[in-house]
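A.B. asks: Below is a structure I'd like to ask you about.
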Amino acid sequence: MAITINVNGLRHAAKATADTPLLYVLRDELKLRGPKFGCGLAQCGACSALLDGQEIRTCVTPVAAVTGRRVTTLEGLPALHAGRKQSAAGPLHPALHPVQQAWIDEQVPQCGYCQNGMIIQAADLLSTAKNPTDDQIKTAMNGHLCRCGTYPRILTAIKQAGAVMAKGGK
């Protein structure tokens, strides 16, 4: 059975049963490498993606639950921020999302495994709170686990990205 889903601005026919976790479709069929399998229980956040702009855990979200809705992965964040769709060849706007750029600027990752979920959650937070407080950031990021303990750099990067986005920058 084919289920049509919209991922990063493109329509895809997923060859999966309705209850197949979205994560498996994103990684195995669409070959997207942003979302990672972490715990499989929606506890760590490594599998996160945006669904209509809000963070979800793709390891527990059945693919049927996203039909008719917009899924954005780490790979689609630049186009989301630029307000553009991707082409089959890749993003029409190659610049990074401000959160992705801040992650690089602040040298956030160590092992990098959790970074997909951290970046996705930060993008979700900054879509509504352009200049979040430390407490708002900590509350929003609370459900994401970083085994390397880069939390201070994550906080700094989110504040940097928020400042850029508040100015309307890219």
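Please note that chains go A, B, ... in the order of the structure tokens, that every chain numbers its residues from 1, and that ligands are numbered from 1 in the order shown.
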If we count only C-alpha atoms, what is near Pro21 of chain A at a cut-off of 9 Å, once residues fewer than 2 positions away on the same chain are taken out, given as a PyMOL selection string?
C.D. replies: chain A and resi 18-19+23-25+58-64
A.B. asks: Using N, CA and C atoms, can you write the selected residues to a file as a compact mmCIF listing (two decimals), in the first residue's frame?
C.D. replies:
# COMPACT_ATOMS: atom_id res chain seq x y z
N ALA A 18 0.23 1.46 7.23
CA ALA A 18 -0.20 2.67 7.94
C ALA A 18 0.45 2.82 9.31
N ASP A 19 0.78 1.71 9.96
CA ASP A 19 1.35 1.79 11.30
C ASP A 19 2.89 1.78 11.33
N LEU A 23 9.80 7.35 11.16
CA LEU A 23 11.26 7.31 11.14
C LEU A 23 11.78 6.32 10.11
N TYR A 24 11.17 5.14 10.02
CA TYR A 24 11.62 4.12 9.07
C TYR A 24 11.42 4.58 7.64
N VAL A 25 10.34 5.27 7.38
CA VAL A 25 10.10 5.78 6.03
C VAL A 25 11.11 6.88 5.70
N THR A 58 9.46 10.85 15.59
CA THR A 58 9.09 10.02 14.45
C THR A 58 9.17 8.53 14.73
N CYS A 59 9.85 8.15 15.82
CA CYS A 59 9.97 6.71 16.13
C CYS A 59 8.64 6.13 16.60
N VAL A 60 7.74 6.97 17.09
CA VAL A 60 6.46 6.49 17.58
C VAL A 60 5.27 7.06 16.79
N THR A 61 5.55 7.83 15.76
CA THR A 61 4.49 8.42 14.94
C THR A 61 4.25 7.54 13.72
N PRO A 62 3.06 6.95 13.60
CA PRO A 62 2.80 6.13 12.41
C PRO A 62 2.75 7.00 11.16
N VAL A 63 3.24 6.47 10.07
CA VAL A 63 3.30 7.24 8.83
C VAL A 63 1.91 7.72 8.41
N ALA A 64 0.87 6.96 8.70
CA ALA A 64 -0.49 7.36 8.32
C ALA A 64 -0.92 8.64 9.03
A.B. asks: Could you go through segment 26-158 of chain A and tell me which residues DSSP, when run on the backbone, assigns to helix (DSSP H, G or I), listing them as a PyMOL selection string?
C.D. replies: chain A and resi 26-29+63-66+74-82+98-105+115-128+134-141+151-158
A.B. asks: From the options A:Gly40, A:Gly9, A:Pro109, A:Gly117, which residue's atoms come nearest to Asn142 of chain A, counting only C-alpha atoms?
C.D. replies: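 Between A:Gly40, A:Gly9, A:Pro109, A:Gly117, the residue approaching Asn142 of chain A most closely is A:Gly117.
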A.B. asks: Would you compute the distance between atom CA of Gln115 of chain A and atom CA of Thr67 of chain A? Give it in Å to one decimal.
C.D. replies: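 These atoms are spaced 26.1 Å apart.
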A.B. asks: To one decimal place, how far is atom CA of Gly68 of chain A from atom CA of Met118 of chain A in Å?
C.D. replies: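 Going from atom CA of Gly68 of chain A over to atom CA of Met118 of chain A, I get 25.5 Å.
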A.B. asks: For Asp105 of chain A, find every residue with an atom within 12 Å (counting only C-alpha atoms), except residues of its own chain fewer than 3 positions away, and show them as an MDAnalysis selection string.
C.D. replies: chainID A and resid 96 98:102 108:109 153:154 156:158 160:161
A.B. asks: Compile the contact shell of segment 48-50 of chain A as a ChimeraX atom specification: residues with an atom at most 12 Å away, counting only C-alpha atoms, same-chain residues fewer than 4 positions apart removed.
C.D. replies: /A:6-8,22-23,26-27,32-44,54-61,66,69-77,80,113-125,127,141,143-145
A.B. asks: Where does DSSP see strand (DSSP E or B) in segment 5-166 of chain A, if you list the residues as a ChimeraX atom specification?
C.D. replies: /A:5-7,10-15,21,48-51,54-57,62,70-72,86-87,90-91
A.B. asks: Any chance you can output those residues with C-alpha atoms as a compact mmCIF listing (two decimals), in the first residue's frame?
C.D. replies:
# COMPACT_ATOMS: atom_id res chain seq x y z
CA ILE A 5 3.37 12.13 2.51
CA ASN A 6 4.81 15.66 2.19
CA VAL A 7 8.41 15.78 3.42
CA LEU A 10 8.04 17.32 -1.75
CA ARG A 11 5.35 14.67 -2.09
CA HIS A 12 6.47 11.07 -1.68
CA ALA A 13 4.62 7.78 -2.05
CA ALA A 14 5.75 5.69 0.91
CA LYS A 15 5.57 1.93 0.44
CA PRO A 21 6.92 4.43 12.18
CA SER A 48 12.65 14.40 15.94
CA ALA A 49 11.11 16.15 12.94
CA LEU A 50 8.63 18.98 12.58
CA LEU A 51 5.00 18.21 11.77
CA GLN A 54 5.86 21.46 15.72
CA GLU A 55 8.37 18.90 16.97
CA ILE A 56 7.30 15.25 16.97
CA ARG A 57 9.08 11.98 17.69
CA PRO A 62 2.80 6.13 12.41
CA ARG A 70 3.92 18.95 6.33
CA VAL A 71 6.91 17.03 7.66
CA THR A 72 10.21 18.90 7.90
CA GLN A 86 12.97 21.99 -2.20
CA SER A 87 13.43 20.60 -5.65
CA GLY A 90 17.94 19.60 -3.22
CA PRO A 91 17.15 22.90 -1.56
A.B. asks: Just how far from atom CA of Gly112 of chain A is atom CA of Arg147 of chain A, in Å to one decimal?
C.D. replies: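 Taking atom CA of Arg147 of chain A as the start and atom CA of Gly112 of chain A as the end point, the length is 9.7 Å.
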A.B. asks: Hey, which of A:Cys146, A:Cys111, A:Met165, A:Leu155 ends up closest to Asn131 of chain A? Count only C-alpha atoms.
C.D. replies: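 Going through A:Cys146, A:Cys111, A:Met165, A:Leu155 one by one, the smallest distance to Asn131 of chain A is for A:Met165.
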